[in-house]
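Engineer: Input: one structure, supplied below.
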Amino acid sequence: MTKTAWPLSDLARDRRAMPTDHEQALRDLIGSFDNWFASAETVARGRMTQELYPYTALFAPIQVNGLTLKNRLVMGPMGNVGMADELGRPSQRMIRYFVERARGGVGLITSGLVPVSQGIDPSVTEVGDRSLFPRLDSSRTVFPPWRELAQAVHAHGARFFVQLTPGLGRVGSPECLVKKYRLPVSASWNPSFYMPQIPCRPLTDGECRRIIAHAGQAAADAQALTIDGVYLHGHEGYLLEQMTNSAFNRRKLGRYADWQAFGVETVREIRRRTGAHYPLMYRIDLSLALNATYGDRMAKIGSLRKFRDERTVAETLDYMAALVAAGVDMFDVDLGCYDNWWLPHPPGPLPPGLYLAIAKIVKDDFASRGVRSNAGLPVPVVAVGKLGYPDLAERALREGLCDLVMLARPLLADPQWPAKAYAGRVTEIIPCIGDQEACLAELVEGGHMQCAVNPHTGLEDVLPADPPPAARPRKVAVVGAGPAGIICACTAAARGHVVTLFERRDRPGGMLVPGSVPRFKFDVANYLAYLEGLLARHVREHELTLSLGCEATAGSLAAGGFDAVVVCAGARPAVPHVPGIELPHVVQAIDLLRGGGHGREIGPSRLLNGSQVVMVGGGDVGCETAYFLATELGQQVTVIEMLPAFMRGTCTANRGHLIHALERAGVRLLNCTRLVRVEPDAVTVVRNVSPTVPDPAVTWAPLLPDNVVNPLARPLKVEEQEMILPAGQVVLATGMISDDTLYRACMAARVAPEIHAIGDAFAPGRVFEAVKAGYAIGTAL
């Protein structure tokens, strides 16, 4: 692909990377996220192509203070939580997790959060001083595994920075109030993010000085443990940002009323304790982008009103220059905070390389000011945000938009990303799908870092990198070529089994096929293409037969003489039992998406541009299909959902983005609303119209996990009214029901000595559960 056909420099200019009005540029950039996928060229930037191979820029070395990195690839801070013991000692799981990424060829690895405010910020530890996070502060008993981790990373030619955080503040768990009888802390009196009714008290100046001293000590300890550098966590609205952003720091008195002081003094203390040549990296957002995200709501919503006076882009650039003068060597930069959480954690539907323009603003500003580090070097800027596409990352470096590229979730999906890109095996890279269910959502739900598309991630200590060969090759049938079936069949075949994979449709992929139809689901399309390639390679290289257009039955499987049968035949859509549901203008969302095949003519011909659609069901499928209908097919869409909240159980970042995007696309959201009847041109619903029904468009406050109760939440009352909604088309997305018919028939007929049901045939689930089950059974056969 030529430069003129793929102009990232033009992208940066289009997004006003060097404007005279940075705040207007920020609003333009946020606005460009609404319908970016209307351009086929922009969507193409997110494809797993290798038009620019060999990747000379990605694999060029770079110097950071006294350290040389072997390439321009940085592993973002994804890990740690739940990977240390209760005292904060890194576990073998955590060590193996990071070493696997070093083995894959990345130049620099950064850890996840390591707090330094124990005893001050009550949210960073549990009752009894137990810790979800690794620690460097408690005693020398935590040191040996850190040293082991650094040494093991070095053995593979990579470098390791530890990410230090002064604390969580208002984005920490407010449960410390009921479990420890201590208020959460912040820079000023700010509402807790998770329970806005709970106030967070201001840190005293003395507490601030103690945190700064702790940061210096932790950096000195890291240096002694052969850790290569320190990485300060100063973005996303954590405590360091709360102290250094006027949105949160509204102090009127004392040293830290100067919102730059805490950050600058922390850097100076680290530099004093570690000397002139120890690398220091700082993570920052160019803006919280709250005003750009919420506009007039900033003056109307109580939990947002205090944050209107956020740090401007110009102020951030001044602050970054002050940080460099104090001792910072390198930055990575993005946008957003918890209150618009999809910005710092961009989900699948956001554009590829969405913050390259932000990195370019910083690079150009540093160049215009002549900003150089204390080591006399230019200050590298690391670009972040959906850069796991090798051609895109290479182009960004070649065109000078950034100096390094950060890969976080892409290295969870495939730790061998660097090695495969270097070798020109891009089609073999397992692509991230951006669902964030196995990474971010797992942390919120009480788990540890894993990956939906890589069953090995986060379990490197118990799962071998390559499954062992089968002790006795067997004849295996796998029924259903969705993610569970494909992974199971390929894993079993690679181990030496003779495998037949049956699929009743003419294309493998299962629910990924309709799920990849919307243009904004390009990450899912990438994963589908990867699975098809994986399947083709295993058919060529192993004893795997793919039988498409073939519906397996208990009889045919019995006649096949298989030693083992694995049923992953999927699920069927649920159908509400209401009058009129059988009318011809009622269609399942899955069938509507399947109706377009591989082209752009999506859905039944009667789905006319501008027609009124009622989507029944406000889960992931319903909301994504509604967004597709509104933005790509021009429909007027209303989504009804029985529960008080849409997309309950979805990762906060993904949920927030899609609800915000639906509202901006003009989609009407009706919660606490149930379908009671379908007419030829309308539907009748019953809606709870009580003032206690929550606003379904709220994205600045999260949904708490089901096992966490907010005792201050307003109870929901019921005042129901019947409503009639015009509907030329009714689309159903009311969930899936496991289809275990074939499994039960196989068990009854004893078609093989060993029979398994996995994937949606076991229980409707996500890619995460399907891939995990496919790998587990493929390894166990």
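Identifiers for the structure tokens are assigned positionally: chains receive A, B, ... in sequence, residues are indexed from 1 per chain, and ligands are indexed from 1 in the order shown.
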If you run DSSP over the backbone, which residues in segment 327-403 of chain A end up helix (DSSP H, G or I)? Put them as a PyMOL selection string.
Structural biologist: chain A and resi 338-340+356-369+390-398
Engineer: Those same residues - N, CA, C and O atoms - I'd like them written as an mmCIF file, in the first residue's frame.
Structural biologist:
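File again.cif, as written:
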data_model
loop_
_atom_site.group_PDB
_atom_site.id
_atom_site.type_symbol
_atom_site.label_atom_id
_atom_site.label_comp_id
_atom_site.auth_asym_id
_atom_site.auth_seq_id
_atom_site.Cartn_x
_atom_site.Cartn_y
_atom_site.Cartn_z
ATOM 1 N N TYR A 338 -11.806 7.959 34.409
ATOM 2 C CA TYR A 338 -12.840 6.981 34.730
ATOM 3 C C TYR A 338 -14.223 7.462 34.299
ATOM 4 O O TYR A 338 -15.071 6.657 33.899
ATOM 5 N N ASP A 339 -14.483 8.766 34.378
ATOM 6 C CA ASP A 339 -15.817 9.283 34.107
ATOM 7 C C ASP A 339 -16.178 9.243 32.621
ATOM 8 O O ASP A 339 -17.332 9.441 32.268
ATOM 9 N N ASN A 340 -15.201 9.009 31.757
ATOM 10 C CA ASN A 340 -15.444 8.661 30.345
ATOM 11 C C ASN A 340 -14.461 7.539 30.007
ATOM 12 O O ASN A 340 -13.621 7.658 29.130
ATOM 13 N N LEU A 356 -2.983 8.946 17.834
ATOM 14 C CA LEU A 356 -1.758 9.352 17.158
ATOM 15 C C LEU A 356 -1.658 10.877 17.043
ATOM 16 O O LEU A 356 -0.573 11.452 17.178
ATOM 17 N N ALA A 357 -2.785 11.531 16.808
ATOM 18 C CA ALA A 357 -2.780 12.991 16.735
ATOM 19 C C ALA A 357 -2.386 13.605 18.074
ATOM 20 O O ALA A 357 -1.754 14.666 18.115
ATOM 21 N N ILE A 358 -2.763 12.953 19.179
ATOM 22 C CA ILE A 358 -2.408 13.447 20.512
ATOM 23 C C ILE A 358 -0.901 13.357 20.722
ATOM 24 O O ILE A 358 -0.259 14.290 21.223
ATOM 25 N N ALA A 359 -0.304 12.222 20.336
ATOM 26 C CA ALA A 359 1.148 12.084 20.443
ATOM 27 C C ALA A 359 1.863 13.140 19.607
ATOM 28 O O ALA A 359 2.886 13.703 20.025
ATOM 29 N N LYS A 360 1.314 13.425 18.421
ATOM 30 C CA LYS A 360 1.939 14.403 17.533
ATOM 31 C C LYS A 360 1.877 15.804 18.124
ATOM 32 O O LYS A 360 2.834 16.591 17.985
ATOM 33 N N ILE A 361 0.799 16.145 18.815
ATOM 34 C CA ILE A 361 0.725 17.447 19.475
ATOM 35 C C ILE A 361 1.891 17.602 20.437
ATOM 36 O O ILE A 361 2.566 18.639 20.483
ATOM 37 N N VAL A 362 2.143 16.569 21.251
ATOM 38 C CA VAL A 362 3.216 16.649 22.248
ATOM 39 C C VAL A 362 4.576 16.727 21.560
ATOM 40 O O VAL A 362 5.431 17.539 21.942
ATOM 41 N N LYS A 363 4.813 15.891 20.566
ATOM 42 C CA LYS A 363 6.097 15.931 19.857
ATOM 43 C C LYS A 363 6.355 17.312 19.258
ATOM 44 O O LYS A 363 7.461 17.854 19.374
ATOM 45 N N ASP A 364 5.358 17.884 18.619
ATOM 46 C CA ASP A 364 5.537 19.192 17.995
ATOM 47 C C ASP A 364 5.755 20.280 19.031
ATOM 48 O O ASP A 364 6.566 21.199 18.829
ATOM 49 N N ASP A 365 5.053 20.183 20.161
ATOM 50 C CA ASP A 365 5.232 21.179 21.211
ATOM 51 C C ASP A 365 6.648 21.102 21.790
ATOM 52 O O ASP A 365 7.302 22.136 21.983
ATOM 53 N N PHE A 366 7.113 19.896 22.072
ATOM 54 C CA PHE A 366 8.476 19.741 22.600
ATOM 55 C C PHE A 366 9.498 20.278 21.600
ATOM 56 O O PHE A 366 10.473 20.933 21.979
ATOM 57 N N ALA A 367 9.284 19.997 20.310
ATOM 58 C CA ALA A 367 10.228 20.470 19.301
ATOM 59 C C ALA A 367 10.241 21.997 19.229
ATOM 60 O O ALA A 367 11.311 22.620 19.119
ATOM 61 N N SER A 368 9.065 22.612 19.308
ATOM 62 C CA SER A 368 9.004 24.076 19.208
ATOM 63 C C SER A 368 9.629 24.759 20.412
ATOM 64 O O SER A 368 10.180 25.848 20.296
ATOM 65 N N ARG A 369 9.577 24.092 21.570
ATOM 66 C CA ARG A 369 10.168 24.677 22.785
ATOM 67 C C ARG A 369 11.628 24.269 22.986
ATOM 68 O O ARG A 369 12.284 24.782 23.889
ATOM 69 N N PRO A 390 0.259 -4.004 12.614
ATOM 70 C CA PRO A 390 1.662 -3.701 12.314
ATOM 71 C C PRO A 390 1.871 -2.603 11.281
ATOM 72 O O PRO A 390 2.758 -1.753 11.458
ATOM 73 N N ASP A 391 1.096 -2.596 10.205
ATOM 74 C CA ASP A 391 1.275 -1.537 9.204
ATOM 75 C C ASP A 391 0.983 -0.163 9.786
ATOM 76 O O ASP A 391 1.687 0.814 9.508
ATOM 77 N N LEU A 392 -0.071 -0.073 10.583
ATOM 78 C CA LEU A 392 -0.426 1.206 11.204
ATOM 79 C C LEU A 392 0.685 1.677 12.141
ATOM 80 O O LEU A 392 1.085 2.846 12.117
ATOM 81 N N ALA A 393 1.196 0.772 12.985
ATOM 82 C CA ALA A 393 2.248 1.137 13.923
ATOM 83 C C ALA A 393 3.514 1.566 13.189
ATOM 84 O O ALA A 393 4.170 2.556 13.560
ATOM 85 N N GLU A 394 3.871 0.836 12.139
ATOM 86 C CA GLU A 394 5.066 1.183 11.368
ATOM 87 C C GLU A 394 4.911 2.543 10.700
ATOM 88 O O GLU A 394 5.826 3.381 10.731
ATOM 89 N N ARG A 395 3.750 2.783 10.108
ATOM 90 C CA ARG A 395 3.520 4.061 9.435
ATOM 91 C C ARG A 395 3.593 5.226 10.424
ATOM 92 O O ARG A 395 4.147 6.286 10.120
ATOM 93 N N ALA A 396 3.041 5.042 11.618
ATOM 94 C CA ALA A 396 3.076 6.109 12.623
ATOM 95 C C ALA A 396 4.513 6.501 12.954
ATOM 96 O O ALA A 396 4.825 7.687 13.107
ATOM 97 N N LEU A 397 5.389 5.521 13.080
ATOM 98 C CA LEU A 397 6.792 5.805 13.371
ATOM 99 C C LEU A 397 7.490 6.436 12.169
ATOM 100 O O LEU A 397 8.228 7.414 12.304
ATOM 101 N N ARG A 398 7.252 5.902 10.986
ATOM 102 C CA ARG A 398 7.913 6.449 9.792
ATOM 103 C C ARG A 398 7.527 7.896 9.547
ATOM 104 O O ARG A 398 8.348 8.694 9.067
#
Engineer: I'd like the neighbourhood of segment 287-301 of chain A as a VMD selection string, where a residue qualifies if any of its atoms comes within 6 Å (using only C-alpha atoms), though same-chain residues fewer than 4 positions away should be ignored.
Structural biologist: chain A and resid 27 305 313 335 to 337
Engineer: Which residue gives the smallest distance to Leu512 of chain A among A:Glu679, A:Leu557, A:Val767, A:Leu304, with only C-alpha atoms counted?
Structural biologist: A:Val767
Engineer: From the options A:Ser131, A:Ala441, A:Pro122, A:Thr692, which residue's atoms come nearest to Asp85 of chain A, counting only C-alpha atoms?
Structural biologist: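 Of A:Ser131, A:Ala441, A:Pro122, A:Thr692, the one nearest Asp85 of chain A is A:Ser131, counting only C-alpha atoms.
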Engineer: Give me, as a list in words, all polymer residues having an atom no more than 8 Å from Cys200 of chain A, counting only C-alpha atoms and skipping those fewer than 3 positions away in the same chain.
Structural biologist: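 So, after excluding close chain neighbours, the residues are Gly169, Arg170, Leu183, Pro184, Val185, Ser186, Ser188, Trp189, Asn190, Pro191 and Ser192 of chain A.
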Engineer: Could you tell me which of A:Leu108, A:Val685, A:Met75, A:Leu177 comes closest to Gly388 of chain A if we count only C-alpha atoms?
Structural biologist: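 Using only C-alpha atoms, Gly388 of chain A sits closest to A:Met75.
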Engineer: Can you pull out every residue within 12 Å of Leu387 of chain A, counting only C-alpha atoms, but drop anything in the same chain fewer than 3 positions away, and send it as an MDAnalysis selection string?
Structural biologist: chainID A and resid 45:48 58 73:76 346 348 350:356 382:384 390:397 402 404:411 417 431:432 434 523
Engineer: At a cut-off of 9 Å, using only C-alpha atoms, what residues contact Leu781 of chain A? Leave out same-chain residues fewer than 6 positions from it and give the result as a list in words.
Structural biologist: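 Here the answer would be Ala470, Arg474, Val476, Ala492, His497, Ala564 and Glu754 of chain A.
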Engineer: Let me see the file: selected residues, C-alpha atoms, as an mmCIF file, in the first residue's frame.
Structural biologist:
data_model
loop_
_atom_site.group_PDB
_atom_site.id
_atom_site.type_symbol
_atom_site.label_atom_id
_atom_site.label_comp_id
_atom_site.auth_asym_id
_atom_site.auth_seq_id
_atom_site.Cartn_x
_atom_site.Cartn_y
_atom_site.Cartn_z
ATOM 1 C CA ALA A 470 -1.073 -36.964 22.568
ATOM 2 C CA ARG A 474 -7.378 -40.888 18.566
ATOM 3 C CA VAL A 476 -12.033 -37.178 17.135
ATOM 4 C CA ALA A 492 -6.327 -31.593 19.223
ATOM 5 C CA HIS A 497 -5.191 -36.623 16.912
ATOM 6 C CA ALA A 564 -14.315 -38.909 21.112
ATOM 7 C CA GLU A 754 -15.996 -39.933 25.313
#
Engineer: Figure out the distance between atom CA of Ile777 of chain A and atom CA of Gly458 of chain A, please, to one decimal in Å.
Structural biologist: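 Computing the Euclidean distance for atom CA of Gly458 of chain A and atom CA of Ile777 of chain A yields 18.4 Å.
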Engineer: Please determine, counting only C-alpha atoms, which residue among A:Gln260, A:Val698, A:Val709, A:Arg273 has the shortest atom-to-atom distance to Gln223 of chain A.
Structural biologist: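 Selected residue with least distance to Gln223 of chain A: A:Arg273.
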Engineer: Excluding same-chain residues fewer than 2 positions from Gln436 of chain A, what lies within 12 Å of it counting only C-alpha atoms, as a ChimeraX atom specification?
Structural biologist: /A:78,342,345-349,408-410,412-413,432-434,438-444,449-453,649-655,766-768
Engineer: Take the residues that were just selected and, keeping C-alpha atoms, output them as an mmCIF file, in the first residue's frame.
Structural biologist:
data_model
loop_
_atom_site.group_PDB
_atom_site.id
_atom_site.type_symbol
_atom_site.label_atom_id
_atom_site.label_comp_id
_atom_site.auth_asym_id
_atom_site.auth_seq_id
_atom_site.Cartn_x
_atom_site.Cartn_y
_atom_site.Cartn_z
ATOM 1 C CA MET A 78 -1.706 -4.740 31.886
ATOM 2 C CA TRP A 342 -13.853 4.297 27.157
ATOM 3 C CA HIS A 345 -9.517 2.050 27.560
ATOM 4 C CA PRO A 346 -10.754 2.245 23.957
ATOM 5 C CA PRO A 347 -13.067 -0.668 23.073
ATOM 6 C CA GLY A 348 -13.356 -2.406 19.729
ATOM 7 C CA PRO A 349 -15.674 0.091 17.985
ATOM 8 C CA ALA A 408 -1.190 -3.463 25.888
ATOM 9 C CA ARG A 409 -4.110 -5.724 24.996
ATOM 10 C CA PRO A 410 -2.453 -6.871 21.720
ATOM 11 C CA LEU A 412 -2.267 -10.241 25.933
ATOM 12 C CA ALA A 413 -3.832 -11.612 22.758
ATOM 13 C CA CYS A 432 -7.267 -8.391 20.025
ATOM 14 C CA ILE A 433 -11.056 -8.102 19.641
ATOM 15 C CA GLY A 434 -11.421 -5.193 22.079
ATOM 16 C CA ALA A 438 -11.226 -11.190 30.094
ATOM 17 C CA CYS A 439 -8.856 -8.343 30.947
ATOM 18 C CA LEU A 440 -10.514 -5.252 32.477
ATOM 19 C CA ALA A 441 -13.850 -6.852 33.352
ATOM 20 C CA GLU A 442 -12.148 -9.806 35.035
ATOM 21 C CA LEU A 443 -10.391 -7.408 37.416
ATOM 22 C CA VAL A 444 -13.667 -5.736 38.375
ATOM 23 C CA MET A 449 -5.704 -10.531 33.891
ATOM 24 C CA GLN A 450 -6.581 -12.995 31.114
ATOM 25 C CA CYS A 451 -7.521 -12.741 27.433
ATOM 26 C CA ALA A 452 -10.624 -13.743 25.505
ATOM 27 C CA VAL A 453 -8.703 -14.954 22.460
ATOM 28 C CA GLY A 649 -22.582 -7.210 32.890
ATOM 29 C CA THR A 650 -20.574 -5.687 30.037
ATOM 30 C CA CYS A 651 -17.154 -4.134 30.659
ATOM 31 C CA THR A 652 -17.660 -0.562 31.902
ATOM 32 C CA ALA A 653 -15.553 0.963 29.125
ATOM 33 C CA ASN A 654 -17.355 -0.884 26.332
ATOM 34 C CA ARG A 655 -20.764 -0.275 27.839
ATOM 35 C CA ARG A 766 -18.704 -15.021 25.184
ATOM 36 C CA VAL A 767 -15.620 -15.623 23.069
ATOM 37 C CA PHE A 768 -13.706 -15.828 26.366
#
